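**Q** model-v9.txt (compact mmCIF, C-alpha atoms and all ligand atoms) pasted underneath:
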# COMPACT_ATOMS: atom_id res chain seq x y z
CA MET A 591 0.00 0.00 0.00
CA ARG A 592 0.94 3.62 -0.31
CA VAL A 593 1.56 4.81 3.24
CA VAL A 594 2.04 8.46 4.22
CA VAL A 595 3.64 9.03 7.62
CA ILE A 596 3.18 12.58 8.92
CA GLY A 597 6.18 13.23 11.19
CA GLY A 598 8.06 10.05 10.34
CA THR A 599 11.69 10.82 11.22
CA GLY A 600 11.38 10.94 15.04
CA HIS A 601 11.45 8.34 17.82
CA VAL A 602 8.84 6.07 16.28
CA GLY A 603 9.46 6.95 12.63
CA THR A 604 13.10 5.84 12.96
CA TYR A 605 11.79 2.28 13.31
CA LEU A 606 8.45 2.53 11.53
CA ALA A 607 9.56 3.76 8.10
CA PRO A 608 12.09 0.91 7.64
CA ARG A 609 9.53 -1.62 8.86
CA LEU A 610 6.98 -0.32 6.33
CA VAL A 611 9.51 -0.49 3.48
CA GLN A 612 10.57 -3.99 4.48
CA ALA A 613 6.92 -5.09 4.49
CA GLY A 614 6.67 -4.01 0.85
CA HIS A 615 4.79 -0.73 1.22
CA GLU A 616 5.44 2.42 -0.74
CA VAL A 617 6.41 4.91 1.97
CA ILE A 618 6.15 8.70 1.96
CA VAL A 619 7.36 10.64 5.00
CA ILE A 620 6.34 14.23 5.67
CA SER A 621 8.54 16.38 7.90
CA ARG A 622 10.13 19.82 7.90
CA SER A 623 13.47 18.04 7.14
CA GLU A 624 14.98 19.67 10.21
CA ARG A 625 16.20 16.40 11.68
CA GLN A 626 17.39 12.96 10.69
CA PRO A 627 16.18 9.59 12.03
CA TYR A 628 18.05 8.44 15.15
CA GLN A 629 19.57 5.52 13.25
CA SER A 630 20.51 5.06 9.65
CA HIS A 631 18.92 2.22 7.71
CA ALA A 632 19.26 1.30 4.06
CA ALA A 633 15.46 1.23 3.74
CA TRP A 634 15.38 5.05 3.94
CA GLN A 635 16.70 5.11 0.37
CA ALA A 636 13.32 3.78 -0.69
CA VAL A 637 11.36 6.40 1.29
CA GLN A 638 10.03 9.44 -0.50
CA MET A 639 10.67 12.47 1.71
CA ILE A 640 8.33 15.44 1.48
CA THR A 641 9.31 18.68 3.18
CA LEU A 642 6.25 20.40 4.64
CA ASP A 643 5.57 22.39 7.78
CA ARG A 644 2.25 21.09 9.02
CA ALA A 645 1.61 24.13 11.19
CA ALA A 646 2.14 26.55 8.30
CA GLU A 647 0.12 24.42 5.87
CA GLU A 648 -2.70 24.09 8.37
CA ALA A 649 -2.72 27.82 9.02
CA ALA A 650 -3.11 28.27 5.26
CA GLY A 651 -5.96 25.74 5.33
CA ARG A 652 -4.32 23.37 2.84
CA PHE A 653 -2.53 20.69 4.85
CA GLY A 654 -5.30 18.11 4.39
CA GLN A 655 -5.35 18.68 0.64
CA ARG A 656 -1.56 18.34 0.47
CA VAL A 657 -1.80 14.93 2.16
CA HIS A 658 -4.75 13.94 -0.04
CA ASP A 659 -2.80 14.87 -3.17
CA LEU A 660 -0.22 12.20 -2.26
CA LYS A 661 -2.96 9.61 -2.92
CA PRO A 662 -2.33 7.51 0.17
CA ASP A 663 -4.02 4.22 0.99
CA VAL A 664 -2.92 4.59 4.62
CA VAL A 665 -2.14 7.75 6.61
CA ILE A 666 -0.23 7.60 9.89
CA ASP A 667 -0.46 10.85 11.82
CA MET A 668 2.37 10.99 14.36
CA ILE A 669 2.11 14.67 15.22
CA CYS A 670 -1.49 15.68 15.86
CA PHE A 671 -2.02 17.61 19.09
CA LYS A 672 -5.24 19.59 18.51
CA LEU A 673 -8.77 18.48 17.72
CA GLU A 674 -8.96 21.05 14.87
CA SER A 675 -5.85 19.50 13.28
CA ALA A 676 -7.49 16.07 13.36
CA SER A 677 -10.83 17.24 11.95
CA HIS A 678 -9.12 19.25 9.20
CA LEU A 679 -7.31 16.11 8.06
CA VAL A 680 -10.33 13.82 8.36
CA GLU A 681 -12.45 16.14 6.21
CA ALA A 682 -9.78 16.16 3.50
CA LEU A 683 -9.30 12.38 3.48
CA ARG A 684 -12.85 11.14 4.09
CA GLY A 685 -13.91 8.45 1.63
CA ASP A 686 -10.52 8.24 -0.06
CA ILE A 687 -8.28 6.22 2.28
CA GLN A 688 -8.31 2.68 3.62
CA HIS A 689 -6.87 3.29 7.06
CA PHE A 690 -6.02 6.29 9.24
CA LEU A 691 -3.80 5.73 12.28
CA HIS A 692 -3.40 8.41 14.93
CA CYS A 693 -0.57 8.44 17.46
CA GLY A 694 -2.10 9.36 20.82
CA THR A 695 -0.72 8.91 24.34
CA ILE A 696 -1.54 7.00 27.50
CA TRP A 697 -2.12 10.45 29.02
CA VAL A 698 -5.62 10.29 27.56
CA HIS A 699 -6.08 8.63 30.96
CA GLY A 700 -5.99 10.62 34.16
CA PRO A 701 -5.52 8.90 37.52
CA SER A 702 -6.45 5.22 37.31
CA VAL A 703 -9.19 3.46 39.24
CA GLU A 704 -8.42 -0.18 38.45
CA THR A 705 -4.99 -1.12 37.19
CA PRO A 706 -3.74 -2.18 34.76
CA THR A 707 -5.85 0.47 33.06
CA THR A 708 -7.77 -0.83 30.04
CA GLU A 709 -8.72 1.12 26.94
CA GLU A 710 -12.36 0.81 27.99
CA GLN A 711 -12.02 2.86 31.16
CA PRO A 712 -13.68 6.29 31.13
CA ARG A 713 -11.27 9.09 30.22
CA THR A 714 -10.38 11.60 32.96
CA PRO A 715 -7.45 13.45 31.35
CA PHE A 716 -5.85 16.51 32.90
CA GLY A 717 -3.37 18.98 31.43
CA GLU A 718 -3.81 20.50 27.96
CA TYR A 719 -1.84 17.76 26.17
CA GLY A 720 -3.86 14.86 27.57
CA ILE A 721 -7.17 16.70 27.25
CA GLN A 722 -6.55 17.45 23.57
CA LYS A 723 -5.38 13.90 22.86
CA ALA A 724 -8.50 12.49 24.55
CA ALA A 725 -10.69 14.85 22.51
CA ILE A 726 -8.94 13.72 19.31
CA GLU A 727 -9.42 10.07 20.28
CA ALA A 728 -13.12 10.58 21.06
CA TYR A 729 -13.60 12.41 17.76
CA LEU A 730 -11.76 9.79 15.66
CA LEU A 731 -13.52 6.82 17.24
CA ASP A 732 -16.86 8.54 16.72
CA GLN A 733 -15.96 9.23 13.10
CA ALA A 734 -15.07 5.56 12.68
CA ARG A 735 -18.06 4.08 14.45
CA ARG A 736 -20.76 6.51 13.30
CA HIS A 737 -19.49 7.73 9.94
CA GLY A 738 -17.29 4.92 8.66
CA PHE A 739 -14.01 6.85 8.70
CA PRO A 740 -11.34 4.12 9.10
CA ALA A 741 -9.52 5.47 12.18
CA THR A 742 -7.40 3.68 14.77
CA CYS A 743 -5.73 5.31 17.80
CA LEU A 744 -2.50 3.96 19.29
CA HIS A 745 -1.47 5.30 22.69
CA PRO A 746 2.26 4.99 23.48
CA GLY A 747 3.75 5.17 26.96
CA HIS A 748 7.09 6.91 27.60
CA ILE A 749 8.95 6.19 24.38
CA VAL A 750 12.49 4.88 24.87
CA GLY A 751 15.33 3.94 22.56
CA PRO A 752 18.97 4.57 21.81
CA GLY A 753 19.49 8.19 20.80
CA TRP A 754 17.69 10.19 23.46
CA ALA A 755 17.39 10.38 27.26
CA PRO A 756 14.85 7.97 28.75
CA LEU A 757 12.40 8.96 31.47
CA ASN A 758 14.48 8.28 34.60
CA PRO A 759 13.67 6.72 38.01
CA GLN A 760 12.76 10.15 39.41
CA GLY A 761 10.16 10.54 36.67
CA ASN A 762 12.03 13.29 34.81
CA PHE A 763 14.62 13.47 32.03
CA ASN A 764 17.73 14.56 33.95
CA THR A 765 20.45 12.10 32.89
CA GLN A 766 22.40 12.81 36.09
CA VAL A 767 19.94 10.58 37.90
CA PHE A 768 21.48 7.60 36.10
CA ALA A 769 24.98 8.83 36.97
CA THR A 770 23.98 9.25 40.63
CA LEU A 771 22.79 5.65 40.75
CA ALA A 772 25.86 4.40 38.86
CA ARG A 773 28.20 6.08 41.36
CA GLY A 774 26.28 4.73 44.33
CA ASP A 775 25.41 8.21 45.55
CA GLU A 776 22.19 8.85 47.38
CA LEU A 777 19.15 9.52 45.20
CA ALA A 778 16.00 11.20 46.46
CA LEU A 779 12.66 9.79 45.36
CA PRO A 780 9.26 11.34 46.00
CA ASN A 781 6.95 9.82 48.59
CA LEU A 782 7.54 6.08 48.99
CA GLY A 783 8.86 5.58 45.47
CA MET A 784 5.86 3.41 44.71
CA GLU A 785 4.39 5.59 41.97
CA THR A 786 4.71 4.14 38.49
CA VAL A 787 5.95 4.95 35.01
CA HIS A 788 5.21 2.95 31.88
CA HIS A 789 7.80 2.93 29.13
CA VAL A 790 7.78 1.40 25.68
CA HIS A 791 10.59 0.86 23.21
CA ALA A 792 10.13 2.94 20.05
CA ASP A 793 10.44 -0.20 17.94
CA ASP A 794 7.55 -1.79 19.82
CA VAL A 795 5.40 1.26 19.05
CA ALA A 796 6.41 0.81 15.40
CA GLN A 797 5.52 -2.89 15.68
CA MET A 798 2.03 -1.97 16.88
CA PHE A 799 1.48 0.38 13.93
CA MET A 800 2.46 -2.49 11.62
CA GLN A 801 0.15 -4.91 13.42
CA ALA A 802 -2.75 -2.44 13.29
CA ILE A 803 -2.30 -2.04 9.53
CA ALA A 804 -2.07 -5.80 9.07
CA ASN A 805 -5.16 -6.39 11.24
CA ARG A 806 -7.25 -3.53 9.87
CA SER A 807 -10.65 -5.08 10.49
CA SER A 808 -9.88 -5.51 14.21
CA ALA A 809 -8.18 -2.14 14.49
CA VAL A 810 -10.60 0.30 12.87
CA GLY A 811 -12.77 2.13 15.39
CA GLU A 812 -10.54 1.03 18.28
CA SER A 813 -7.77 2.42 20.44
CA PHE A 814 -4.86 0.46 21.89
CA HIS A 815 -2.20 1.06 24.52
CA ALA A 816 1.28 0.83 23.00
CA VAL A 817 3.33 0.07 26.09
CA SER A 818 5.69 -2.56 27.47
CA PRO A 819 4.23 -5.62 29.23
CA ALA A 820 4.41 -3.93 32.66
CA ALA A 821 4.81 -0.54 34.32
CA VAL A 822 7.59 -0.10 36.91
CA THR A 823 7.67 1.62 40.29
CA LEU A 824 10.19 4.45 40.68
CA ARG A 825 11.82 2.57 43.53
CA GLY A 826 12.13 -0.72 41.67
CA TYR A 827 13.39 1.11 38.60
CA ALA A 828 16.10 2.90 40.63
CA GLU A 829 17.20 -0.35 42.29
CA VAL A 830 17.54 -2.15 38.96
CA VAL A 831 19.53 0.71 37.40
CA ALA A 832 21.98 0.72 40.33
CA ALA A 833 22.33 -3.05 40.00
CA TRP A 834 23.38 -2.61 36.36
CA PHE A 835 26.47 -0.89 37.79
CA GLY A 836 26.99 -3.54 40.46
CA ILE A 837 25.77 -1.30 43.25
CA ALA A 838 22.90 -1.34 45.75
CA ALA A 839 20.82 1.81 45.29
CA ARG A 840 21.00 4.31 48.15
CA LEU A 841 17.54 5.78 48.11
CA ARG A 842 16.04 8.50 50.26
CA PHE A 843 12.28 8.86 50.31
CA LEU A 844 11.01 12.39 50.80
CA PRO A 845 7.55 13.95 51.11
CA TRP A 846 6.69 15.80 47.90
CA GLU A 847 7.50 19.34 49.13
CA GLU A 848 10.90 18.28 50.44
CA PHE A 849 11.69 16.34 47.28
CA CYS A 850 10.73 19.38 45.22
CA GLY A 851 13.09 21.61 47.17
CA GLY A 852 16.04 19.34 46.33
CA VAL A 853 15.72 19.16 42.55
CA ALA A 854 15.68 21.76 39.79
CA ALA A 855 12.25 23.28 39.16
CA PRO A 856 11.86 21.89 35.59
CA ASP A 857 12.77 18.39 36.83
CA ALA A 858 10.26 18.67 39.69
CA ALA A 859 7.55 19.77 37.25
CA GLN A 860 8.25 16.74 35.02
CA THR A 861 8.26 14.39 38.01
CA LEU A 862 4.97 15.79 39.23
CA GLN A 863 3.30 15.27 35.86
CA HIS A 864 4.53 11.70 35.71
CA ILE A 865 3.61 10.67 39.24
CA GLN A 866 0.22 12.37 39.03
CA HIS A 867 -0.49 10.06 36.11
CA SER A 868 1.35 7.02 37.52
CA PRO A 869 0.38 5.07 34.43
CA ASN A 870 -0.02 1.33 34.47
CA CYS A 871 -1.70 0.29 31.25
CA SER A 872 -2.90 -3.04 29.97
CA ILE A 873 -1.73 -4.46 26.63
CA ALA A 874 -4.24 -7.33 26.73
CA LYS A 875 -6.46 -5.77 24.05
CA ALA A 876 -3.55 -5.23 21.65
CA GLN A 877 -2.29 -8.75 22.29
CA ARG A 878 -5.74 -10.19 21.62
CA LEU A 879 -6.79 -8.13 18.59
CA LEU A 880 -3.48 -7.17 16.97
CA ASP A 881 -1.19 -10.00 18.08
CA TYR A 882 1.09 -7.32 19.58
CA ARG A 883 4.20 -8.96 21.02
CA PRO A 884 6.50 -6.33 22.53
CA ARG A 885 10.16 -7.28 22.23
CA TYR A 886 11.17 -5.22 25.27
CA ARG A 887 10.11 -5.09 28.87
CA SER A 888 10.39 -1.56 30.29
CA LEU A 889 13.82 -1.95 31.83
CA GLN A 890 15.25 -3.75 28.81
CA ALA A 891 14.24 -0.74 26.73
CA VAL A 892 15.76 1.68 29.24
CA TYR A 893 18.94 -0.41 29.42
CA GLU A 894 19.48 0.09 25.69
CA ALA A 895 18.98 3.83 26.04
CA VAL A 896 21.38 4.06 29.00
CA GLN A 897 24.01 2.06 27.11
CA TRP A 898 23.64 4.59 24.33
CA LEU A 899 24.02 7.49 26.81
CA ILE A 900 27.25 5.94 28.07
CA ALA A 901 28.58 5.24 24.57
CA ALA A 902 27.73 8.78 23.52
CA GLY A 903 29.82 10.06 26.43
CA ASP A 904 26.84 11.71 28.11
CA LEU A 905 27.27 9.82 31.37
CA ARG A 906 30.97 9.05 31.40
CA TYR A 907 32.19 12.20 33.10
CA LEU A 908 29.27 12.09 35.49
CA ILE A 909 29.99 8.50 36.45
CA GLY A 910 33.67 9.30 36.78
CA ASN A 911 35.42 6.83 34.47
N1 LIG B 1001 7.87 10.95 23.20
C1 LIG B 1001 7.12 10.25 24.02
O1 LIG B 1001 7.59 9.69 25.04
C2 LIG B 1001 5.66 10.07 23.71
C3 LIG B 1001 4.84 9.39 24.65
C4 LIG B 1001 3.51 9.18 24.32
C5 LIG B 1001 3.00 9.63 23.12
N2 LIG B 1001 3.81 10.31 22.25
C6 LIG B 1001 3.22 10.77 20.99
O2 LIG B 1001 4.09 10.39 19.95
C7 LIG B 1001 3.95 11.31 18.87
C8 LIG B 1001 5.29 11.79 18.45
O3 LIG B 1001 6.01 10.70 17.94
P1 LIG B 1001 7.59 10.69 18.05
O4 LIG B 1001 7.97 10.77 19.50
O5 LIG B 1001 8.07 9.59 17.20
O6 LIG B 1001 7.91 12.09 17.34
P2 LIG B 1001 9.18 13.01 17.50
O7 LIG B 1001 10.38 12.20 17.86
O8 LIG B 1001 8.79 14.18 18.32
O9 LIG B 1001 9.36 13.47 15.97
C9 LIG B 1001 8.46 14.35 15.38
C10 LIG B 1001 8.44 14.15 13.88
O10 LIG B 1001 7.58 15.11 13.30
C11 LIG B 1001 8.30 16.02 12.46
N3 LIG B 1001 7.71 17.33 12.67
C12 LIG B 1001 7.70 18.06 13.81
N4 LIG B 1001 7.02 19.21 13.63
C13 LIG B 1001 6.59 19.20 12.34
C14 LIG B 1001 5.83 20.10 11.55
N5 LIG B 1001 5.37 21.27 12.03
N6 LIG B 1001 5.56 19.78 10.25
C15 LIG B 1001 6.01 18.62 9.72
N7 LIG B 1001 6.74 17.72 10.43
C16 LIG B 1001 7.02 18.01 11.72
C17 LIG B 1001 9.76 15.86 12.90
O11 LIG B 1001 10.69 16.16 11.89
P3 LIG B 1001 11.21 17.69 11.66
O12 LIG B 1001 11.57 18.24 13.00
O13 LIG B 1001 12.36 17.52 10.72
O14 LIG B 1001 10.04 18.40 11.04
C18 LIG B 1001 9.77 14.36 13.21
O15 LIG B 1001 9.76 13.63 12.00
C19 LIG B 1001 3.07 12.43 19.39
O16 LIG B 1001 1.77 12.26 18.88
C20 LIG B 1001 3.11 12.27 20.89
O17 LIG B 1001 1.95 12.76 21.49
C21 LIG B 1001 5.12 10.54 22.51
For the structure just supplied, provide its representation as structure tokens.
**A**
Amino acid sequence: MRVVVIGGTGHVGTYLAPRLVQAGHEVIVISRSERQPYQSHAAWQAVQMITLDRAAEEAAGRFGQRVHDLKPDVVIDMICFKLESASHLVEALRGDIQHFLHCGTIWVHGPSVETPTTEEQPRTPFGEYGIQKAAIEAYLLDQARRHGFPATCLHPGHIVGPGWAPLNPQGNFNTQVFATLARGDELALPNLGMETVHHVHADDVAQMFMQAIANRSSAVGESFHAVSPAAVTLRGYAEVVAAWFGIAARLRFLPWEEFCGGVAAPDAAQTLQHIQHSPNCSIAKAQRLLDYRPRYRSLQAVYEAVQWLIAAGDLRYLIGN
């Protein structure tokens, strides 16, 4: 099929575009051409790259038509963050495509009631990002179920892979947290360290897109969590990271206000967002309907990313060797 990926050179696109090519699809990637995929792959030679700024094209009211003009069978929208962006695209593509896949987020969920959280649980998002993503999901599923628009929503967890900093055991992106654990220095964690984060390897997100395309009849009109088999607690995560360096983690558990006082404000803000969500999502639906088989558990995915950080020199001086 002719597959257009909007925003296909980032975390997920790095793995998804080569997978699509290898499966025999004709692949077109739209981006501003400001960045390269995180890893090179010979398959990119077969990808048609289109340079477009979605924001500018949308502001001019012609983004949907530009995508339509590429005559896609399948459209994968990796970078939709506003309901208006989704509806603009749907109106342009309605009736003319076989499958539309939207990349959402597990933050369509607010605080969980039962865990693991299933896709069926009522949405209680908070924060502009999650609220917009939940509105997009509700709109697309309604379009699919009521009006026959062939939409599927995939909701990744914290995307991890070699090439960028993974969400760390404090629930923020400060790479020094890994160095602190590697050195055996004391690390502060909020509360009892029992709040959770739920990672996924970028290649497993790509796998789920492939599975959704291959299982179209089960995927249309549905949303799926794209996460690893299990969430991790901050405490357990920290202990495992220290063990990678042959050290027992020295952890200090602090009430939120005290924890906040000891870390930089942007890190505290990230941590707060992550522990307020404390995601723990089920993959049972994706396993059942899409035959999703994630290659990585959460900490295997993070391990790869930390190895990359070390190889890239990002942690070496912090660790001290
Ligand atoms: N990162 C996470 O941990 C995470 C977690 C859950 C859900 N998600 C969801 O994942 C999606 C993002 O996927 P990702 O992490 O693979 O993306 P990413 O790494 O942020 O890459 C974004 C891609 O979009 C392109 N792009 C950005 N702005 C553009 C514009 N105005 N016009 C055209 N192209 C543009 C980028 O290339 P250029 O810069 O060259 O244009 C790149 O190809 C989002 O929907 C997000 O909500 C992410």
**Q** Within 12 Å of Glu894 (chain A), counting all atoms listed in the file, which residues show up once you throw out same-chain ones fewer than 2 positions away? Write them as a ChimeraX atom specification, please.
**A** /A:750-756,790-793,831,834,886-892,896-901
**Q** Take the residues from that selection and write them out as a tab-separated table (two decimals), in the frame of the given file, keeping C-alpha atoms.
**A**
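Writing done, so here's out11.tsv:
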chain	number	residue	atom	x	y	z
A	750	VAL	CA	12.49	4.88	24.87
A	751	GLY	CA	15.33	3.94	22.56
A	752	PRO	CA	18.97	4.57	21.81
A	753	GLY	CA	19.49	8.19	20.80
A	754	TRP	CA	17.69	10.19	23.46
A	755	ALA	CA	17.39	10.38	27.26
A	756	PRO	CA	14.85	7.97	28.75
A	790	VAL	CA	7.78	1.40	25.68
A	791	HIS	CA	10.59	0.86	23.21
A	792	ALA	CA	10.13	2.94	20.05
A	793	ASP	CA	10.44	-0.20	17.94
A	831	VAL	CA	19.53	0.71	37.40
A	834	TRP	CA	23.38	-2.61	36.36
A	886	TYR	CA	11.17	-5.22	25.27
A	887	ARG	CA	10.11	-5.09	28.87
A	888	SER	CA	10.39	-1.56	30.29
A	889	LEU	CA	13.82	-1.95	31.83
A	890	GLN	CA	15.25	-3.75	28.81
A	891	ALA	CA	14.24	-0.74	26.73
A	892	VAL	CA	15.76	1.68	29.24
A	896	VAL	CA	21.38	4.06	29.00
A	897	GLN	CA	24.01	2.06	27.11
A	898	TRP	CA	23.64	4.59	24.33
A	899	LEU	CA	24.02	7.49	26.81
A	900	ILE	CA	27.25	5.94	28.07
A	901	ALA	CA	28.58	5.24	24.57
**Q** Residues within 9 Å of ligand LIG 1001 (chain B), counting only C-alpha atoms and all ligand atoms: report them as a VMD selection string.
**A** chain A and resid 595 to 604 619 to 628 641 to 647 667 to 671 692 to 697 719 to 720 723 744 to 750 756 to 757 789 to 790 792 795 816
**Q** Taking all atoms listed in the file into account, name the residue in A:Val594, A:Leu691, A:Val822, A:Ile873 that is nearest to Asp659 (chain A).
**A**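 For Asp659 (chain A), the nearest of the given residues is A:Val594.
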**Q** Residues at most 9 Å from region 725-738 of chain A, counting all atoms listed in the file, excluding those fewer than 5 positions away in the same chain, as a PyMOL selection string?
**A** chain A and resi 670-677+680+684-685+692+694+698+720+743+810-813
**Q** Take CA of Val665 (chain A) and CA of Ala649 (chain A) and report the distance between them in Å, one decimal.
**A** 20.2 Å
**Q** Could you please determine the separation between CA of Gly651 (chain A) and CA of Phe690 (chain A) in Å, to one decimal place?
**A**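 A separation of 19.8 Å between them.
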**Q** Between CA of Gly826 (chain A) and CA of Ala876 (chain A), what distance in Å does the model show, to one decimal?
**A**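 The value is 25.8 Å.
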**Q** List every residue of region 762-803 of chain A that has an atom at most 10 Å from any atom of region 844-858 of chain A, giving for each one its closest atom pair and the distance in Å to one decimal, counting all atoms listed in the file, sorted by chain and then by ascending residue number, as a tab-separated table.
**A**
residue	atom	partner	partner_atom	distance
A:Asn762	CA	A:Asp857	CA	5.5
A:Phe763	CA	A:Asp857	CA	7.1
A:Asn764	CA	A:Asp857	CA	6.9
A:Ala778	CA	A:Leu844	CA	6.7
A:Leu779	CA	A:Leu844	CA	6.3
A:Pro780	CA	A:Leu844	CA	5.2
A:Asn781	CA	A:Pro845	CA	4.9
A:Leu782	CA	A:Leu844	CA	7.4
A:Gly783	CA	A:Leu844	CA	8.9
**Q** So, with only C-alpha atoms as the atoms that count, which of A:Thr705, A:Gln801, A:Glu718, A:Thr765 lies closest to Ala821 (chain A)?
**A**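 Closest to Ala821 (chain A), using only C-alpha atoms: A:Thr705.
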**Q** Find the residue from A:Ala769, A:His689, A:Arg840, A:Ala682 that sits nearest to Glu648 (chain A); use all atoms listed in the file when measuring.
**A** A:Ala682
**Q** Residues around (-7.9, 0.6, 28.7), cut-off 9 Å, counting all atoms listed in the file - what are they as number ranges by chain?
**A** A: 699, 706-712, 813-815, 871-875
**Q** Would you list the contacts of Leu610 (chain A) as a VMD selection string, taking every protein, DNA or RNA residue within 12 Å and counting only C-alpha atoms, but skipping same-chain residues closer than 2 positions in sequence?
**A** chain A and resid 591 to 595 598 602 to 608 612 to 619 633 to 634 636 to 637 664 666 796 to 801 803 to 804
**Q** So which one's closest to Ala838 (chain A), A:Leu824, A:Ala809, A:Leu777, A:Val611? Using only C-alpha atoms, please.
**A**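 Selected residue with least distance to Ala838 (chain A): A:Leu777.
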